[in-house]
$ cat structure_4.cif   # mmCIF, C-alpha atoms
data_query
loop_
_atom_site.label_atom_id
_atom_site.label_comp_id
_atom_site.auth_asym_id
_atom_site.auth_seq_id
_atom_site.Cartn_x
_atom_site.Cartn_y
_atom_site.Cartn_z
CA MET A 193 0.00 0.00 0.00
CA ASN A 194 2.85 2.38 0.76
CA ALA A 195 3.90 2.19 -2.86
CA TYR A 196 0.79 4.24 -3.72
CA PRO A 197 0.46 8.02 -3.51
CA PRO A 198 -1.38 9.11 -0.33
CA ILE A 199 -4.51 10.30 -2.17
CA LEU A 200 -4.86 6.89 -3.81
CA ARG A 201 -4.39 5.17 -0.46
CA ASP A 202 -7.07 7.45 0.97
CA LEU A 203 -9.45 6.56 -1.87
CA ILE A 204 -8.84 2.83 -1.40
CA ARG A 205 -9.41 3.17 2.36
CA ARG A 206 -12.70 5.00 1.81
CA LEU A 207 -13.88 2.59 -0.87
CA SER A 208 -13.07 -0.42 1.29
CA LYS A 209 -15.48 0.90 3.93
CA LEU A 210 -18.39 0.54 1.50
CA PRO A 211 -20.57 -2.52 2.05
CA GLY A 212 -19.38 -5.57 0.11
CA LEU A 213 -15.98 -4.13 -0.75
CA GLY A 214 -12.78 -5.37 0.85
CA GLU A 215 -9.30 -4.02 0.30
CA LYS A 216 -8.72 -5.99 -2.90
CA SER A 217 -11.98 -5.01 -4.57
CA ALA A 218 -11.56 -1.41 -3.39
CA THR A 219 -8.11 -1.35 -5.00
CA ARG A 220 -9.60 -2.71 -8.21
CA VAL A 221 -12.30 -0.03 -8.21
CA ALA A 222 -9.70 2.68 -7.48
CA MET A 223 -7.53 1.48 -10.39
CA HIS A 224 -10.58 1.59 -12.62
CA LEU A 225 -11.46 5.12 -11.50
CA LEU A 226 -7.90 6.15 -12.20
CA GLN A 227 -7.81 4.70 -15.69
CA CYS A 228 -11.35 5.18 -16.97
CA PRO A 229 -12.25 8.28 -19.02
CA ARG A 230 -11.84 11.29 -16.77
CA GLU A 231 -15.42 12.48 -17.16
CA ASP A 232 -16.75 9.11 -15.94
CA ALA A 233 -14.88 9.46 -12.65
CA GLU A 234 -15.89 13.08 -12.30
CA SER A 235 -19.56 12.44 -12.98
CA LEU A 236 -19.58 9.63 -10.43
CA ALA A 237 -18.16 12.04 -7.84
CA GLU A 238 -20.72 14.66 -8.87
CA VAL A 239 -23.65 12.24 -8.69
CA ILE A 240 -22.64 11.05 -5.21
CA ARG A 241 -22.63 14.66 -4.03
CA GLN A 242 -25.84 15.73 -5.71
CA MET A 243 -27.65 12.64 -4.58
CA ARG A 244 -27.13 13.62 -0.95
CA ASP A 245 -28.59 17.05 -1.67
CA ARG A 246 -31.56 15.91 -3.65
CA VAL A 247 -32.77 12.64 -2.21
CA ARG A 248 -34.90 12.72 0.93
CA THR A 249 -37.49 10.35 2.41
CA CYS A 250 -41.13 10.59 1.42
CA PRO A 251 -43.00 12.21 4.34
CA ARG A 252 -45.84 9.75 3.89
CA CYS A 253 -44.29 6.31 3.34
CA PHE A 254 -40.55 6.94 4.09
CA HIS A 255 -39.43 5.62 0.75
CA PHE A 256 -36.76 7.69 -1.04
CA THR A 257 -37.85 10.59 -3.21
CA ASP A 258 -36.41 13.66 -4.90
CA GLY A 259 -39.73 15.51 -4.86
CA GLU A 260 -42.47 16.19 -2.33
CA LEU A 261 -44.08 12.72 -2.23
CA CYS A 262 -42.35 9.62 -3.63
CA SER A 263 -43.34 8.34 -7.07
CA ILE A 264 -45.54 5.63 -5.57
CA CYS A 265 -47.44 7.87 -3.13
CA ALA A 266 -47.85 10.47 -5.88
CA ASP A 267 -49.39 7.96 -8.30
CA PRO A 268 -53.21 8.01 -7.96
CA ALA A 269 -53.44 4.63 -9.69
CA ARG A 270 -51.79 3.06 -6.66
CA ASP A 271 -54.48 4.25 -4.27
CA THR A 272 -55.90 0.74 -3.95
CA GLY A 273 -56.47 0.71 -0.21
CA GLU A 274 -53.72 -1.89 0.19
CA LEU A 275 -50.79 -0.89 2.36
CA CYS A 276 -47.72 -3.11 2.37
CA VAL A 277 -45.47 -2.68 5.43
CA VAL A 278 -41.78 -3.39 4.84
CA GLU A 279 -38.66 -2.94 6.94
CA SER A 280 -36.51 -1.15 4.39
CA THR A 281 -36.45 0.53 1.03
CA ALA A 282 -34.45 -2.41 -0.31
CA ASP A 283 -37.36 -4.73 0.61
CA LEU A 284 -39.75 -2.31 -1.09
CA LEU A 285 -37.63 -2.39 -4.21
CA ALA A 286 -37.57 -6.20 -4.28
CA LEU A 287 -41.37 -6.29 -4.11
CA GLU A 288 -41.66 -3.55 -6.77
CA GLN A 289 -39.38 -5.47 -9.10
CA SER A 290 -41.58 -8.54 -8.78
CA GLY A 291 -44.42 -6.40 -10.16
CA ALA A 292 -46.82 -8.36 -7.96
CA PHE A 293 -48.11 -5.48 -5.84
CA ARG A 294 -49.96 -2.43 -7.10
CA GLY A 295 -50.86 -0.71 -3.82
CA ARG A 296 -48.79 1.55 -1.58
CA TYR A 297 -46.02 0.89 0.90
CA HIS A 298 -44.98 1.94 4.36
CA VAL A 299 -41.26 1.69 5.10
CA LEU A 300 -40.64 1.15 8.82
CA GLN A 301 -36.95 2.06 8.48
CA GLY A 302 -36.02 -0.85 10.70
CA ALA A 303 -37.52 -3.64 12.80
CA LEU A 304 -38.10 -4.08 16.51
CA ALA A 305 -34.91 -5.34 18.15
CA PRO A 306 -35.15 -5.22 21.95
CA LEU A 307 -31.58 -6.52 22.32
CA ASP A 308 -30.28 -3.58 20.30
CA ALA A 309 -32.64 -1.20 22.14
CA VAL A 310 -34.74 -0.59 19.02
CA GLY A 311 -38.29 -0.09 20.30
CA PRO A 312 -41.59 0.93 18.66
CA ASP A 313 -40.73 4.63 18.89
CA ASP A 314 -37.49 4.12 16.99
CA ILE A 315 -39.15 2.91 13.80
CA ARG A 316 -42.03 4.43 11.83
CA ILE A 317 -44.86 2.63 13.64
CA ARG A 318 -46.58 5.77 14.92
CA GLU A 319 -46.64 7.13 11.37
CA LEU A 320 -48.07 3.83 10.15
CA MET A 321 -50.93 4.00 12.67
CA ARG A 322 -51.68 7.57 11.62
CA ARG A 323 -51.86 6.52 7.97
CA VAL A 324 -54.12 3.58 8.81
CA ASP A 325 -56.49 5.96 10.56
CA GLU A 326 -56.36 8.83 8.07
CA GLU A 327 -56.06 7.12 4.69
CA GLN A 328 -58.63 4.79 3.20
CA VAL A 329 -56.68 1.66 4.11
CA LYS A 330 -58.64 -1.53 3.56
CA GLU A 331 -55.86 -4.05 4.00
CA VAL A 332 -52.49 -3.95 5.75
CA ILE A 333 -50.09 -6.53 4.31
CA ILE A 334 -47.22 -7.18 6.70
CA ALA A 335 -44.08 -8.02 4.73
CA THR A 336 -41.37 -7.98 7.39
CA ASN A 337 -38.49 -10.40 7.01
CA PRO A 338 -38.57 -13.94 8.46
CA SER A 339 -35.97 -13.07 11.13
CA ASN A 340 -36.37 -12.68 14.90
CA GLU A 341 -36.71 -8.92 14.51
CA GLY A 342 -39.11 -9.19 11.58
CA GLU A 343 -41.28 -11.70 13.45
CA ALA A 344 -41.34 -9.52 16.58
CA THR A 345 -42.32 -6.51 14.49
CA ALA A 346 -45.06 -8.45 12.70
CA HIS A 347 -46.58 -9.64 15.96
CA TYR A 348 -46.39 -6.20 17.51
CA LEU A 349 -48.15 -4.67 14.48
CA LEU A 350 -50.80 -7.38 14.61
CA GLN A 351 -51.58 -6.48 18.24
CA LEU A 352 -51.81 -2.78 17.41
CA LEU A 353 -53.99 -3.26 14.34
CA LYS A 354 -56.25 -6.13 15.27
CA ASP A 355 -59.13 -4.06 16.63
CA ARG A 356 -59.37 -1.79 13.62
CA PRO A 357 -61.94 -2.49 10.91
CA LEU A 358 -59.51 -3.67 8.26
CA LYS A 359 -58.04 -6.81 6.82
CA ILE A 360 -54.59 -7.72 8.12
CA SER A 361 -52.48 -10.20 6.18
CA ARG A 362 -48.95 -11.39 6.02
CA ILE A 363 -46.97 -12.47 2.98
CA ALA A 364 -46.32 -16.21 2.74
CA TYR A 365 -43.07 -17.72 3.98
CA GLY A 366 -42.14 -21.16 2.68
CA ILE A 367 -40.09 -23.08 0.16
CA PRO A 368 -38.73 -20.68 -2.46
CA MET A 369 -39.37 -21.39 -6.15
CA GLY A 370 -36.69 -23.75 -7.46
CA GLY A 371 -35.95 -24.86 -3.90
CA ASP A 372 -35.66 -28.47 -2.87
CA LEU A 373 -37.39 -29.90 0.20
CA LYS A 374 -34.44 -32.10 1.14
CA TYR A 375 -32.11 -29.10 1.32
CA THR A 376 -34.56 -26.82 3.11
CA ASP A 377 -33.98 -25.99 6.76
CA ARG A 378 -36.31 -27.19 9.51
CA ILE A 379 -37.80 -23.78 10.32
CA THR A 380 -38.68 -23.01 6.71
CA LEU A 381 -40.32 -26.43 6.38
CA GLU A 382 -42.30 -25.77 9.56
CA ARG A 383 -43.47 -22.42 8.16
CA ALA A 384 -44.30 -23.98 4.83
CA LEU A 385 -46.42 -26.63 6.51
CA LYS A 386 -48.14 -24.15 8.81
CA GLY A 387 -48.90 -21.90 5.87
CA ARG A 388 -50.27 -24.68 3.68
CA GLN A 389 -53.27 -23.77 1.58
CA ASN A 390 -56.17 -25.95 0.57
CA PHE A 391 -56.55 -26.76 -3.08
CA ALA A 392 -59.42 -24.55 -4.17
CA MET B 87 -35.70 0.54 -10.20
CA ASN B 88 -38.42 2.93 -11.31
CA ALA B 89 -39.48 3.30 -7.72
CA TYR B 90 -36.23 5.22 -7.10
CA PRO B 91 -35.65 8.91 -7.81
CA PRO B 92 -33.76 9.44 -11.12
CA ILE B 93 -30.55 10.65 -9.44
CA LEU B 94 -30.41 7.48 -7.34
CA ARG B 95 -31.00 5.35 -10.43
CA ASP B 96 -28.19 7.24 -12.13
CA LEU B 97 -25.85 6.59 -9.20
CA ILE B 98 -26.71 2.88 -9.16
CA ARG B 99 -26.14 2.66 -12.92
CA ARG B 100 -22.74 4.33 -12.61
CA LEU B 101 -21.69 2.23 -9.62
CA SER B 102 -22.72 -0.99 -11.35
CA LYS B 103 -20.24 -0.22 -14.14
CA LEU B 104 -17.34 -0.42 -11.67
CA PRO B 105 -15.37 -3.68 -11.79
CA GLY B 106 -16.74 -6.33 -9.46
CA LEU B 107 -20.03 -4.55 -8.81
CA GLY B 108 -23.31 -5.79 -10.24
CA GLU B 109 -26.69 -4.14 -9.92
CA LYS B 110 -27.39 -5.61 -6.48
CA SER B 111 -24.08 -4.63 -4.91
CA ALA B 112 -24.27 -1.21 -6.59
CA THR B 113 -27.70 -0.71 -5.02
CA ARG B 114 -26.30 -1.70 -1.65
CA VAL B 115 -23.43 0.77 -1.99
CA ALA B 116 -25.84 3.52 -3.11
CA MET B 117 -28.08 2.87 -0.07
CA HIS B 118 -25.03 3.08 2.14
CA LEU B 119 -23.93 6.36 0.55
CA LEU B 120 -27.42 7.72 1.09
CA GLN B 121 -27.58 6.75 4.73
CA CYS B 122 -24.00 7.16 5.97
CA PRO B 123 -22.88 10.45 7.59
CA ARG B 124 -23.12 13.14 4.95
CA GLU B 125 -19.45 14.12 5.21
CA ASP B 126 -18.37 10.55 4.46
CA ALA B 127 -20.22 10.57 1.15
CA GLU B 128 -18.96 14.04 0.32
CA SER B 129 -15.34 13.25 1.09
CA LEU B 130 -15.52 10.13 -1.07
CA ALA B 131 -16.78 12.27 -3.95
CA GLU B 132 -14.07 14.82 -3.28
CA VAL B 133 -11.29 12.22 -3.13
CA ILE B 134 -12.41 10.63 -6.43
CA ARG B 135 -12.20 14.04 -8.10
CA GLN B 136 -8.91 15.12 -6.55
CA MET B 137 -7.31 11.77 -7.26
CA ARG B 138 -7.80 12.30 -10.98
CA ASP B 139 -6.13 15.70 -10.71
CA ARG B 140 -3.22 14.63 -8.59
CA VAL B 141 -2.23 11.13 -9.58
CA ARG B 142 -0.14 10.65 -12.71
CA THR B 143 2.24 7.96 -13.87
CA CYS B 144 5.90 8.10 -12.96
CA PRO B 145 7.82 9.21 -16.08
CA ARG B 146 10.52 6.64 -15.34
CA CYS B 147 8.77 3.41 -14.34
CA PHE B 148 5.07 4.17 -15.12
CA HIS B 149 3.90 3.39 -11.62
CA PHE B 150 1.40 5.83 -10.11
CA THR B 151 2.70 8.91 -8.33
CA ASP B 152 1.50 12.26 -7.07
CA GLY B 153 4.93 13.87 -7.33
CA GLU B 154 7.67 14.05 -9.95
CA LEU B 155 9.05 10.50 -9.61
CA CYS B 156 7.15 7.73 -7.82
CA SER B 157 8.10 6.86 -4.25
CA ILE B 158 10.09 3.82 -5.40
CA CYS B 159 12.10 5.61 -8.11
CA ALA B 160 12.70 8.51 -5.72
CA ASP B 161 14.11 6.23 -3.01
CA PRO B 162 17.93 6.01 -3.36
CA ALA B 163 17.97 2.87 -1.19
CA ARG B 164 16.20 1.05 -4.01
CA ASP B 165 18.91 1.74 -6.53
CA THR B 166 20.12 -1.87 -6.41
CA GLY B 167 20.61 -2.40 -10.13
CA GLU B 168 17.71 -4.88 -10.16
CA LEU B 169 14.80 -3.98 -12.43
CA CYS B 170 11.61 -6.00 -12.14
CA VAL B 171 9.35 -5.83 -15.23
CA VAL B 172 5.62 -6.22 -14.51
CA GLU B 173 2.51 -5.86 -16.63
CA SER B 174 0.50 -3.61 -14.33
CA THR B 175 0.61 -1.50 -11.21
CA ALA B 176 -1.54 -4.12 -9.50
CA ASP B 177 1.20 -6.71 -10.11
CA LEU B 178 3.76 -4.24 -8.75
CA LEU B 179 1.68 -3.78 -5.62
CA ALA B 180 1.38 -7.54 -5.06
CA LEU B 181 5.19 -7.88 -5.24
CA GLU B 182 5.66 -4.84 -2.97
CA GLN B 183 3.31 -6.31 -0.40
CA SER B 184 5.33 -9.52 -0.33
CA GLY B 185 8.30 -7.41 0.76
CA ALA B 186 10.55 -9.78 -1.19
CA PHE B 187 11.97 -7.30 -3.68
CA ARG B 188 14.02 -4.22 -2.84
CA GLY B 189 14.97 -3.00 -6.33
CA ARG B 190 13.00 -0.93 -8.81
CA TYR B 191 10.17 -1.73 -11.19
CA HIS B 192 9.15 -1.08 -14.75
CA VAL B 193 5.40 -1.21 -15.43
CA LEU B 194 4.69 -2.18 -19.05
CA GLN B 195 1.08 -1.01 -18.80
CA GLY B 196 -0.05 -4.11 -20.63
CA ALA B 197 1.21 -7.25 -22.34
CA LEU B 198 1.70 -8.22 -25.97
CA ALA B 199 -1.57 -9.48 -27.39
CA PRO B 200 -1.40 -9.85 -31.18
CA LEU B 201 -5.03 -10.99 -31.34
CA ASP B 202 -6.12 -7.73 -29.72
CA ALA B 203 -3.65 -5.76 -31.86
CA VAL B 204 -1.45 -4.86 -28.87
CA GLY B 205 2.09 -4.77 -30.25
CA PRO B 206 5.49 -3.76 -28.80
CA ASP B 207 4.84 -0.07 -29.49
CA ASP B 208 1.61 -0.11 -27.52
CA ILE B 209 3.24 -0.99 -24.22
CA ARG B 210 6.24 0.57 -22.47
CA ILE B 211 8.93 -1.60 -24.06
CA ARG B 212 10.84 1.23 -25.75
CA GLU B 213 11.04 3.05 -22.42
CA LEU B 214 12.28 -0.15 -20.77
CA MET B 215 15.10 -0.48 -23.31
CA ARG B 216 16.10 3.13 -22.76
CA ARG B 217 16.27 2.55 -18.99
CA VAL B 218 18.31 -0.61 -19.44
CA ASP B 219 20.80 1.38 -21.50
CA GLU B 220 20.89 4.55 -19.41
CA GLU B 221 20.53 3.34 -15.82
CA GLN B 222 22.97 1.06 -14.02
CA VAL B 223 20.82 -2.02 -14.53
CA LYS B 224 22.59 -5.25 -13.59
CA GLU B 225 19.65 -7.63 -13.67
CA VAL B 226 16.27 -7.56 -15.40
CA ILE B 227 13.73 -9.77 -13.63
CA ILE B 228 10.80 -10.56 -15.90
CA ALA B 229 7.64 -10.95 -13.83
CA THR B 230 4.89 -11.09 -16.43
CA ASN B 231 1.86 -13.24 -15.71
CA PRO B 232 1.71 -16.92 -16.68
CA SER B 233 -0.88 -16.26 -19.41
CA ASN B 234 -0.49 -16.40 -23.20
CA GLU B 235 0.07 -12.64 -23.31
CA GLY B 236 2.51 -12.68 -20.40
CA GLU B 237 4.48 -15.54 -21.96
CA ALA B 238 4.64 -13.81 -25.34
CA THR B 239 5.84 -10.61 -23.67
CA ALA B 240 8.48 -12.47 -21.66
CA HIS B 241 9.88 -14.16 -24.77
CA TYR B 242 9.87 -10.94 -26.74
CA LEU B 243 11.77 -9.16 -23.96
CA LEU B 244 14.25 -12.02 -23.74
CA GLN B 245 15.04 -11.63 -27.46
CA LEU B 246 15.50 -7.89 -27.10
CA LEU B 247 17.69 -8.10 -24.02
CA LYS B 248 19.77 -11.20 -24.58
CA ASP B 249 22.75 -9.49 -26.23
CA ARG B 250 23.16 -6.88 -23.54
CA PRO B 251 25.72 -7.37 -20.76
CA LEU B 252 23.25 -8.02 -17.97
CA LYS B 253 21.61 -10.86 -16.13
CA ILE B 254 18.09 -11.72 -17.26
CA SER B 255 15.88 -13.80 -15.02
CA ARG B 256 12.29 -14.74 -14.70
CA ILE B 257 10.29 -15.29 -11.51
CA ALA B 258 9.43 -18.92 -10.79
CA TYR B 259 6.07 -20.35 -11.78
CA GLY B 260 4.96 -23.53 -10.04
CA ILE B 261 2.83 -24.96 -7.26
CA PRO B 262 1.66 -22.17 -4.95
CA MET B 263 2.33 -22.46 -1.22
CA GLY B 264 -0.48 -24.44 0.41
CA GLY B 265 -1.34 -25.93 -2.97
CA ASP B 266 -1.87 -29.62 -3.53
CA LEU B 267 -0.29 -31.53 -6.40
CA LYS B 268 -3.36 -33.63 -7.01
CA TYR B 269 -5.52 -30.54 -7.55
CA THR B 270 -2.95 -28.68 -9.64
CA ASP B 271 -3.54 -28.30 -13.37
CA ARG B 272 -1.34 -29.99 -15.95
CA ILE B 273 0.34 -26.82 -17.22
CA THR B 274 1.34 -25.66 -13.75
CA LEU B 275 2.76 -29.10 -13.00
CA GLU B 276 4.72 -28.97 -16.24
CA ARG B 277 6.12 -25.56 -15.31
CA ALA B 278 6.92 -26.73 -11.81
CA LEU B 279 8.85 -29.72 -13.17
CA LYS B 280 10.68 -27.66 -15.78
CA GLY B 281 11.61 -25.11 -13.15
CA ARG B 282 12.89 -27.69 -10.66
CA GLN B 283 15.97 -26.69 -8.73
CA ASN B 284 18.76 -28.92 -7.47
CA PHE B 285 19.18 -29.32 -3.75
CA ALA B 286 22.21 -27.17 -3.00
#
$ encode --input "structure_4.cif" --output "structure tokens"
Amino acid sequence: MNAYPPILRDLIRRLSKLPGLGEKSATRVAMHLLQCPREDAESLAEVIRQMRDRVRTCPRCFHFTDGELCSICADPARDTGELCVVESTADLLALEQSGAFRGRYHVLQGALAPLDAVGPDDIRIRELMRRVDEEQVKEVIIATNPSNEGEATAHYLLQLLKDRPLKISRIAYGIPMGGDLKYTDRITLERALKGRQNFA
Amino acid sequence: MNAYPPILRDLIRRLSKLPGLGEKSATRVAMHLLQCPREDAESLAEVIRQMRDRVRTCPRCFHFTDGELCSICADPARDTGELCVVESTADLLALEQSGAFRGRYHVLQGALAPLDAVGPDDIRIRELMRRVDEEQVKEVIIATNPSNEGEATAHYLLQLLKDRPLKISRIAYGIPMGGDLKYTDRITLERALKGRQNFA
């Protein structure tokens, strides 16, 4: 590393702090940035800076937006009365890419994690309850992750919502498409059995 | 992707063009840049821009530098008369990190590749010959990669250098430390046998 000029070492150090990049991949990216057309490197730097100025969270659903409301909240066609609750924007994106949901989302920006001192006031649960009361929500679809935190959050939301006059559902957890029962872990099999559906 | 603001999509697109990053890892990095402390994202942008202004190649050995000569060429302690010829700065760095070489380098910035129309004039061979003639070079150590291009380059250099009054050597290619003969490919085994050394 000492054979590199200090600014290059600094770049590699900063890049290697990014998620998924270690020192080797950071060095590779730095070499690329050094050798690619100059305007490519400069526009990347510019976009990183501008992005921090322009992108904020949607005040309604806490998804990212560069305007007032995010593109999903601003789209009247998505006012279906279905509200899908996810932990993070990345989860929202995964669902969006599937194209299977045409309603709106609510991003909790986290999940309940008592061991890490993340309680109901630390994630966007209060805002969710306000939306449920103020918007024409007919169904809340809980789509938290099948982890301890996601489960805890789902059960907490169920308790909060169960007395309201709306449908509450949860996405299905089970064997993934292309999966193989003999290689599937015990807990997933248990969930798949519990969630079995009758042939119509 | 369409659920993201355009500037974020632009950032993800640019990041996913970096070596080793696909769309998923680029998205993860973009999310991190959006959520990390603002000054971290801004300094990364700043360092990428400054690096392009400050870093150039050493006019003597073609390694990266931010000064006149690179740190290795500028270090009088490394004037050992040994000149190690590598294809790229990344190869130089790997050798530097091993700590096994205390002489100077010459970075070819590529290797001969007739099929891709990379000939002797496209890489820093002329500059190497000038150094061999002008500097007090006692030994040229060829450390090109064991690929078709690296082999071709090594043989070409050998032809060019063989009539000069200096030692020409080539780093050893063989079984890597921790390797296992039974899992080693045929060509490596052949090289390892060819390169066998007598017990002293």
$ interface_residues --input "structure_4.cif" --of "chain B" --to "chain A" --cutoff "8 Å" --atoms "all atoms listed in the file" --output "CSV table (one decimal) with C-alpha atoms, in the coordinates of the input"
chain,number,residue,atom,x,y,z
B,87,MET,CA,-35.7,0.5,-10.2
B,89,ALA,CA,-39.5,3.3,-7.7
B,90,TYR,CA,-36.2,5.2,-7.1
B,91,PRO,CA,-35.6,8.9,-7.8
B,92,PRO,CA,-33.8,9.4,-11.1
B,93,ILE,CA,-30.6,10.6,-9.4
B,94,LEU,CA,-30.4,7.5,-7.3
B,96,ASP,CA,-28.2,7.2,-12.1
B,97,LEU,CA,-25.8,6.6,-9.2
B,100,ARG,CA,-22.7,4.3,-12.6
B,101,LEU,CA,-21.7,2.2,-9.6
B,104,LEU,CA,-17.3,-0.4,-11.7
B,105,PRO,CA,-15.4,-3.7,-11.8
B,106,GLY,CA,-16.7,-6.3,-9.5
B,111,SER,CA,-24.1,-4.6,-4.9
B,114,ARG,CA,-26.3,-1.7,-1.6
B,115,VAL,CA,-23.4,0.8,-2.0
B,118,HIS,CA,-25.0,3.1,2.1
B,119,LEU,CA,-23.9,6.4,0.6
B,120,LEU,CA,-27.4,7.7,1.1
B,124,ARG,CA,-23.1,13.1,5.0
B,127,ALA,CA,-20.2,10.6,1.2
B,128,GLU,CA,-19.0,14.0,0.3
B,130,LEU,CA,-15.5,10.1,-1.1
B,131,ALA,CA,-16.8,12.3,-4.0
B,132,GLU,CA,-14.1,14.8,-3.3
B,133,VAL,CA,-11.3,12.2,-3.1
B,134,ILE,CA,-12.4,10.6,-6.4
B,135,ARG,CA,-12.2,14.0,-8.1
B,136,GLN,CA,-8.9,15.1,-6.6
B,137,MET,CA,-7.3,11.8,-7.3
B,138,ARG,CA,-7.8,12.3,-11.0
B,140,ARG,CA,-3.2,14.6,-8.6
B,141,VAL,CA,-2.2,11.1,-9.6
B,150,PHE,CA,1.4,5.8,-10.1
B,151,THR,CA,2.7,8.9,-8.3
B,152,ASP,CA,1.5,12.3,-7.1
B,156,CYS,CA,7.2,7.7,-7.8
B,157,SER,CA,8.1,6.9,-4.2
B,158,ILE,CA,10.1,3.8,-5.4
B,179,LEU,CA,1.7,-3.8,-5.6
B,182,GLU,CA,5.7,-4.8,-3.0
B,183,GLN,CA,3.3,-6.3,-0.4
$ atom_distance --input "structure_4.cif" --atom1 "CA of Leu275 in chain A" --atom2 "CA of Leu350 in chain A"
13.9 Å
$ atom_distance --input "structure_4.cif" --atom1 "CA of Arg250 in chain B" --atom2 "CA of Pro206 in chain B"
18.7 Å
$ residues_near_point --input "structure_4.cif" --point "(1.2, -16.9, -14.8)" --cutoff "12 Å" --atoms "all atoms listed in the file" --output "ChimeraX atom specification"
/B:172-173,177,228-240,256-262,273-274,277-278
$ axis_aligned_box --input "structure_4.cif" --around "range 260-275 of chain B" --padding-each-side "3 Å" --output "JSON"
{"center_x": -0.3, "center_y": -27.9, "center_z": -8.4, "size_x": 16.5, "size_y": 17.5, "size_z": 23.6}
$ residues_around --input "structure_4.cif" --residues "Pro145 in chain B" --least-positions-apart "3" --cutoff "8 Å" --atoms "all atoms listed in the file" --output "MDAnalysis selection string"
chainID B and resid 148 154:155
$ write_last_selection --input "structure_4.cif" --atoms "C-alpha atoms" --output "compact mmCIF listing (two decimals), in the coordinates of the input"
# COMPACT_ATOMS: atom_id res chain seq x y z
CA PHE B 148 5.07 4.17 -15.12
CA GLU B 154 7.67 14.05 -9.95
CA LEU B 155 9.05 10.50 -9.61
$ residues_around --input "structure_4.cif" --residues "Glu221 in chain B" --least-positions-apart "4" --cutoff "9 Å" --atoms "all atoms listed in the file" --output "list in words"
Gly167, Arg216 and Arg217 of chain B
$ atom_distance --input "structure_4.cif" --atom1 "CA of Glu276 in chain B" --atom2 "CA of Val171 in chain B"
23.6 Å
$ build_atoms --input "structure_4.cif" --residues "range 368-378 of chain A" --atoms "N, CA, C and O atoms" --output "CSV table (one decimal), in the coordinates of the input"
chain,number,residue,atom,x,y,z
A,368,PRO,N,-38.8,-21.6,-1.3
A,368,PRO,CA,-38.7,-20.7,-2.5
A,368,PRO,C,-38.8,-21.5,-3.8
A,368,PRO,O,-38.5,-22.6,-3.8
A,369,MET,N,-39.3,-20.8,-4.8
A,369,MET,CA,-39.4,-21.4,-6.2
A,369,MET,C,-38.0,-21.9,-6.5
A,369,MET,O,-37.0,-21.3,-6.3
A,370,GLY,N,-38.0,-23.1,-7.1
A,370,GLY,CA,-36.7,-23.8,-7.5
A,370,GLY,C,-36.0,-24.4,-6.3
A,370,GLY,O,-34.9,-25.0,-6.4
A,371,GLY,N,-36.6,-24.3,-5.1
A,371,GLY,CA,-36.0,-24.9,-3.9
A,371,GLY,C,-36.2,-26.4,-3.9
A,371,GLY,O,-36.9,-26.9,-4.7
A,372,ASP,N,-35.6,-27.0,-2.9
A,372,ASP,CA,-35.7,-28.5,-2.9
A,372,ASP,C,-35.9,-28.8,-1.4
A,372,ASP,O,-35.2,-28.4,-0.5
A,373,LEU,N,-37.0,-29.6,-1.2
A,373,LEU,CA,-37.4,-29.9,0.2
A,373,LEU,C,-36.2,-30.5,1.0
A,373,LEU,O,-36.0,-30.2,2.2
A,374,LYS,N,-35.5,-31.4,0.4
A,374,LYS,CA,-34.4,-32.1,1.1
A,374,LYS,C,-33.3,-31.2,1.6
A,374,LYS,O,-32.5,-31.5,2.5
A,375,TYR,N,-33.2,-30.0,0.9
A,375,TYR,CA,-32.1,-29.1,1.3
A,375,TYR,C,-32.7,-27.9,2.1
A,375,TYR,O,-32.0,-26.9,2.3
A,376,THR,N,-33.9,-28.0,2.4
A,376,THR,CA,-34.6,-26.8,3.1
A,376,THR,C,-34.5,-27.0,4.6
A,376,THR,O,-34.6,-28.1,5.1
A,377,ASP,N,-34.2,-25.9,5.3
A,377,ASP,CA,-34.0,-26.0,6.8
A,377,ASP,C,-35.3,-26.3,7.5
A,377,ASP,O,-36.4,-26.1,6.9
A,378,ARG,N,-35.2,-26.7,8.7
A,378,ARG,CA,-36.3,-27.2,9.5
A,378,ARG,C,-37.3,-26.1,9.7
A,378,ARG,O,-38.6,-26.3,9.6
